[in-house]
Amino acid sequence: THCADIQSLPEREDLYSLSVYCNQNHPQGKDQRDKLISLSETSGAALYGDYIIREKRNWVDLFYDFDAVRWEGSGTSGDVALMTISHLLTMLPSITPRHFSIASSPSYMVRQTAALESKEGFDVELCVAIVDHILERNGAVYIAGGSKMARAVREEIVEALGSVLEGGEGDAKKLLNKLKRKGMFSIEAWS
């Protein structure tokens with residue numbers, strides 16, 4: 001199964017490949033094709049950096065900005081969509097598989113509803129083989145989300161690791177600090 005990643009940032013060579021699909025009958029077709037080619041060239045590295053990397057423009061943004069690629073025209077002769085879905089799927093990268101997942105269970109939803117009604121807060125269930133991932137596979141962990149969620153996930157990881165480490169939660173916290181220094185444990189949280 002191939003799952004296309006339309007949220008990824010296009011590479012420079014992708015922009016060049018996309019340029020051939022700009023419909024020349026579109027009012028800005030030639031200009032858009034030329035801009036895609038400029039963005040793809042080595043001499044346009046700064047332009048690519050500003051337009052794609054710094055602005056974090058993904059494939060969806062690209063199709064919005066370069067509508068000559070998806071333009072079908074007014075129905076007159078020569079006005080046809082050049083890009084087909086099969087062409088598009090050959091260009092898009094595959095979604096990178098995740099080696100871990102953070103999810104909530106149905107019991108979490110019941111507790112969350114009750115917690116919202118009682119305003120007591122709620123527990124986060126960590127549905128992941130985190131102990132095996134960290135201890136056996138030397139895996140990295142990255143947590144991103146709201147500050148309450150990130151704190152709750154970290155506490156769940158400490159508790160899970162503490163249950164198997166000889167020194168309990170104290171050793172678990174030391175291990176996470178060590179992984180953090182190595183760049184293998186990171187939390188990106190916002191309020």
# chains A, B, ... in the order shown; residues from 1 in each chain; ligands from 1
call {"tool": "residues_around", "arguments": {"residues": "Gly183 (chain A)", "least_positions_apart": "6", "cutoff": "12 Å", "atoms": "only C-alpha atoms", "output": "list in words"}}
result
Gly139, Ala140, Val141, Tyr142, Leu176 and Asn177 of chain A
call {"tool": "closest_residue", "arguments": {"among": "A:Glu155, A:Pro27, A:Asp65, A:Leu161", "to": "Glu136 (chain A)", "atoms": "only C-alpha atoms"}}
result
A:Leu161
call {"tool": "residues_around", "arguments": {"residues": "Leu47 (chain A)", "least_positions_apart": "5", "cutoff": "12 Å", "atoms": "only C-alpha atoms", "output": "JSON, numbers by chain"}}
result
{"A": [12, 35, 36, 37, 38, 39, 40, 41, 42, 52, 53, 54, 55]}
call {"tool": "write_last_selection", "arguments": {"atoms": "C-alpha atoms", "output": "short mmCIF file (atom, residue, chain, number, x, y, z; two decimals), in the first residue's frame"}}
result
data_model
loop_
_atom_site.label_atom_id
_atom_site.label_comp_id
_atom_site.auth_asym_id
_atom_site.auth_seq_id
_atom_site.Cartn_x
_atom_site.Cartn_y
_atom_site.Cartn_z
CA ARG A 12 13.88 20.93 -5.58
CA LYS A 35 9.22 30.11 -11.30
CA LEU A 36 9.09 26.36 -10.60
CA ILE A 37 12.20 25.88 -12.71
CA SER A 38 13.98 28.76 -10.90
CA LEU A 39 13.08 27.26 -7.52
CA SER A 40 14.50 23.91 -8.61
CA GLU A 41 17.89 25.13 -9.86
CA THR A 42 21.04 25.13 -7.75
CA ILE A 52 9.61 26.23 0.64
CA ILE A 53 11.77 25.64 3.73
CA ARG A 54 11.33 28.85 5.73
CA GLU A 55 7.64 29.21 4.88
#
call {"tool": "closest_residue", "arguments": {"among": "A:Gly44, A:Tyr64, A:Lys178, A:His26", "to": "Glu13 (chain A)", "atoms": "only C-alpha atoms"}}
result
A:Gly44
call {"tool": "residues_around", "arguments": {"residues": "region 82-98 of chain A", "least_positions_apart": "2", "cutoff": "6 Å", "atoms": "only C-alpha atoms", "output": "MDAnalysis selection string"}}
result
chainID A and resid 3:5 21 100
call {"tool": "residues_around", "arguments": {"residues": "Asp34 (chain A)", "least_positions_apart": "5", "cutoff": "12 Å", "atoms": "only C-alpha atoms", "output": "MDAnalysis selection string"}}
result
chainID A and resid 15:16 18:24 28:29 39:41 44 66 68
call {"tool": "closest_residue", "arguments": {"among": "A:Tyr51, A:Ser17, A:Phe63, A:Leu179", "to": "Asn138 (chain A)", "atoms": "only C-alpha atoms"}}
result
A:Leu179
call {"tool": "residues_around", "arguments": {"residues": "Leu135 (chain A)", "least_positions_apart": "4", "cutoff": "10 Å", "atoms": "only C-alpha atoms", "output": "ChimeraX atom specification"}}
result
/A:130-131,139,161,164-165,175
call {"tool": "write_last_selection", "arguments": {"atoms": "C-alpha atoms", "output": "CSV table (one decimal), in the first residue's frame"}}
result
chain,number,residue,atom,x,y,z
A,130,ILE,CA,7.5,2.5,25.1
A,131,VAL,CA,9.6,0.4,27.4
A,139,GLY,CA,14.6,4.2,20.3
A,161,LEU,CA,9.8,2.8,32.7
A,164,VAL,CA,10.7,-2.3,35.0
A,165,LEU,CA,13.8,-0.4,36.0
A,175,LEU,CA,17.3,7.7,31.9
call {"tool": "closest_residue", "arguments": {"among": "A:Leu9, A:Glu188, A:Asp14, A:Arg33", "to": "Arg151 (chain A)", "atoms": "only C-alpha atoms"}}
result
A:Glu188
